[in-house]
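As provided, coords34.pdb (PDB, C-alpha atoms and all ligand atoms) reads as follows.
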```pdb
ATOM      1  CA  MET D   1     -35.191   3.356  21.694
ATOM      2  CA  ILE D   2     -36.117   6.689  23.324
ATOM      3  CA  ASP D   3     -39.428   5.352  24.603
ATOM      4  CA  ARG D   4     -37.556   2.619  26.491
ATOM      5  CA  LEU D   5     -35.164   4.986  28.311
ATOM      6  CA  HIS D   6     -35.884   6.716  31.629
ATOM      7  CA  PHE D   7     -36.630  10.431  31.274
ATOM      8  CA  THR D   8     -38.276  12.829  33.712
ATOM      9  CA  GLY D   9     -40.228  15.813  32.425
ATOM     10  CA  THR D  10     -39.281  17.644  29.257
ATOM     11  CA  VAL D  11     -36.097  16.558  27.517
ATOM     12  CA  TYR D  12     -34.027  19.516  26.292
ATOM     13  CA  ARG D  13     -31.932  18.345  23.388
ATOM     14  CA  ASN D  14     -28.895  20.134  21.986
ATOM     15  CA  PRO D  15     -29.845  21.099  18.407
ATOM     16  CA  TYR D  16     -26.336  20.270  17.197
ATOM     17  CA  TRP D  17     -26.773  16.645  18.232
ATOM     18  CA  PRO D  18     -30.426  16.013  17.356
ATOM     19  CA  THR D  19     -30.415  12.236  17.051
ATOM     20  CA  TRP D  20     -27.833  10.950  19.511
ATOM     21  CA  PRO D  21     -29.194   8.956  22.446
ATOM     22  CA  LEU D  22     -29.324  10.768  25.786
ATOM     23  CA  LEU D  23     -28.456   9.231  29.147
ATOM     24  CA  GLU D  24     -30.257  11.023  31.972
ATOM     25  CA  ILE D  25     -28.278  10.901  35.225
ATOM     26  CA  THR D  26     -29.957  13.802  37.033
ATOM     27  CA  GLN D  27     -33.306  15.542  36.939
ATOM     28  CA  GLY D  28     -33.969  19.203  37.631
ATOM     29  CA  CYS D  29     -31.372  21.854  38.377
ATOM     30  CA  THR D  30     -29.276  22.276  41.526
ATOM     31  CA  HIS D  31     -29.508  26.079  41.179
ATOM     32  CA  ASN D  32     -32.996  26.616  39.703
ATOM     33  CA  LYS D  33     -32.973  30.364  40.456
ATOM     34  CA  CYS D  34     -32.185  32.048  37.132
ATOM     35  CA  LYS D  35     -34.971  34.571  36.475
ATOM     36  CA  PHE D  36     -35.059  33.924  32.721
ATOM     37  CA  CYS D  37     -35.260  30.137  32.954
ATOM     38  CA  THR D  38     -38.362  27.982  33.416
ATOM     39  CA  MET D  39     -36.815  24.690  32.293
ATOM     40  CA  TYR D  40     -36.908  22.920  35.648
ATOM     41  CA  LYS D  41     -39.250  25.051  37.775
ATOM     42  CA  ASP D  42     -41.529  22.067  38.444
ATOM     43  CA  VAL D  43     -38.842  19.375  38.580
ATOM     44  CA  PRO D  44     -36.986  18.996  41.894
ATOM     45  CA  PHE D  45     -33.302  18.166  41.569
ATOM     46  CA  ARG D  46     -32.294  14.580  42.178
ATOM     47  CA  MET D  47     -29.908  11.948  40.928
ATOM     48  CA  SER D  48     -31.310   9.219  38.737
ATOM     49  CA  PRO D  49     -31.515   5.855  40.481
ATOM     50  CA  ILE D  50     -28.447   3.791  39.579
ATOM     51  CA  GLN D  51     -30.760   1.024  38.372
ATOM     52  CA  TRP D  52     -32.256   3.387  35.739
ATOM     53  CA  ILE D  53     -28.783   4.419  34.570
ATOM     54  CA  GLU D  54     -27.660   0.797  34.255
ATOM     55  CA  GLU D  55     -30.835  -0.157  32.381
ATOM     56  CA  ASP D  56     -30.459   2.797  30.016
ATOM     57  CA  LEU D  57     -26.790   2.003  29.341
ATOM     58  CA  GLN D  58     -27.778  -1.576  28.512
ATOM     59  CA  GLU D  59     -30.513  -0.312  26.179
ATOM     60  CA  ILE D  60     -28.113   2.069  24.411
ATOM     61  CA  ALA D  61     -25.522  -0.709  24.108
ATOM     62  CA  GLN D  62     -28.098  -3.062  22.567
ATOM     63  CA  CYS D  63     -29.035  -0.468  19.941
ATOM     64  CA  ASP D  64     -25.433   0.590  19.266
ATOM     65  CA  PRO D  65     -22.773  -1.862  20.495
ATOM     66  CA  ASP D  66     -20.060   0.638  19.527
ATOM     67  CA  ALA D  67     -21.603   3.498  21.558
ATOM     68  CA  ARG D  68     -18.963   5.512  23.404
ATOM     69  CA  THR D  69     -18.745   8.892  25.084
ATOM     70  CA  GLY D  70     -15.891  10.987  26.397
ATOM     71  CA  SER D  71     -14.319  11.525  22.999
ATOM     72  CA  SER D  72     -14.630  14.618  20.840
ATOM     73  CA  ILE D  73     -17.324  12.812  18.863
ATOM     74  CA  PRO D  74     -19.473  10.952  21.391
ATOM     75  CA  SER D  75     -22.114   8.563  20.160
ATOM     76  CA  PHE D  76     -24.407   9.247  23.097
ATOM     77  CA  LEU D  77     -24.741  12.179  25.474
ATOM     78  CA  ILE D  78     -24.991  12.419  29.236
ATOM     79  CA  LEU D  79     -27.938  14.626  30.242
ATOM     80  CA  THR D  80     -27.538  16.756  33.345
ATOM     81  CA  ALA D  81     -28.915  20.153  34.322
TER      82      ALA D  81
HETATM   83  S1  LIG B   1     -31.075  25.116  34.200
HETATM   84 FE1  LIG B   1     -29.398  26.589  33.922
HETATM   85  S2  LIG B   1     -30.392  28.499  33.347
HETATM   86 FE2  LIG B   1     -31.992  27.182  34.263
HETATM   87  S3  LIG B   1     -32.070  27.701  36.441
HETATM   88 FE3  LIG B   1     -30.629  26.005  36.213
HETATM   89  S4  LIG B   1     -28.595  27.001  36.007
HETATM   90 FE4  LIG B   1     -30.185  28.552  35.576
END
```

With the file now loaded, output its structure as structure tokens.
Amino acid sequence: MIDRLHFTGTVYRNPYWPTWPLLEITQGCTHNKCKFCTMYKDVPFRMSPIQWIEEDLQEIAQCDPDARTGSSIPSFLILTA
């Protein structure tokens, strides 16, 4: 599934949730000024196009019709910086 979702640049995945699908809704970082961080130095901040988000939600739903988020145990994660 991951190769059919829209991702920009490197995907930083939480090690506690290594296999859950990610939904990217933004790229880059709105701050991007922390001296210790190089995660998004080359990625300008922007919102994902709504069409990408809709396509990715449909893809996640096809792979897992019971996928939900917003609970204490989400079945997919929303990726923002
Ligand atoms: S991603 Fe986090 S740590 Fe890195 S520059 Fe942005 S706010 Fe700072």

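Proximity ranking of D:Gln51, D:Glu24, D:Cys29, D:Thr19 relative to Phe7 in chain D places D:Glu24 first, based on all atoms listed in the file.
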
| field | Exercise answer, 7 Å around ligand LIG 1 (chain B) with all atoms listed in the file, as a VMD selection string | value | chain D and resid 29 to 34 37 to 40 81

| What is the distance between CA of Thr8 in chain D and CA of Lys41 in chain D, in Å to one decimal? | 12.9 Å

| message | Evaluate the PyMOL selection byres (((chain D and resi 46-48) around 9) and not hetatm) against this structure - the residues, as a list in words, please. | response |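 Selected by the PyMOL selection byres (((chain D and resi 46-48) around 9) and not hetatm) here: His6, Glu24, Ile25, Thr26, Gln27, Gly28, Cys29, Thr30, Val43, Pro44, Phe45, Pro49, Ile50, Gln51, Trp52 and Ile53 of chain D.
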
| task | Just say which residues the PyMOL selection byres (((chain D and resi 4) around 10) and not hetatm) picks in this file, as a list in words. | result |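 Applying the expression gives Met1, Ile2, Asp3, Leu5, His6, Phe7, Glu55, Asp56, Glu59 and Ile60 of chain D.
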
| task | Work out how far CA of Gln58 in chain D is from CA of Tyr16 in chain D, in Å to one decimal. | result |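 These atoms are spaced 24.6 Å apart.
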
| task | Quote the spacing between CA of Asp64 in chain D and CA of Leu23 in chain D in Å to one decimal place. | result |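 Distance reported for this atom pair: 13.5 Å.
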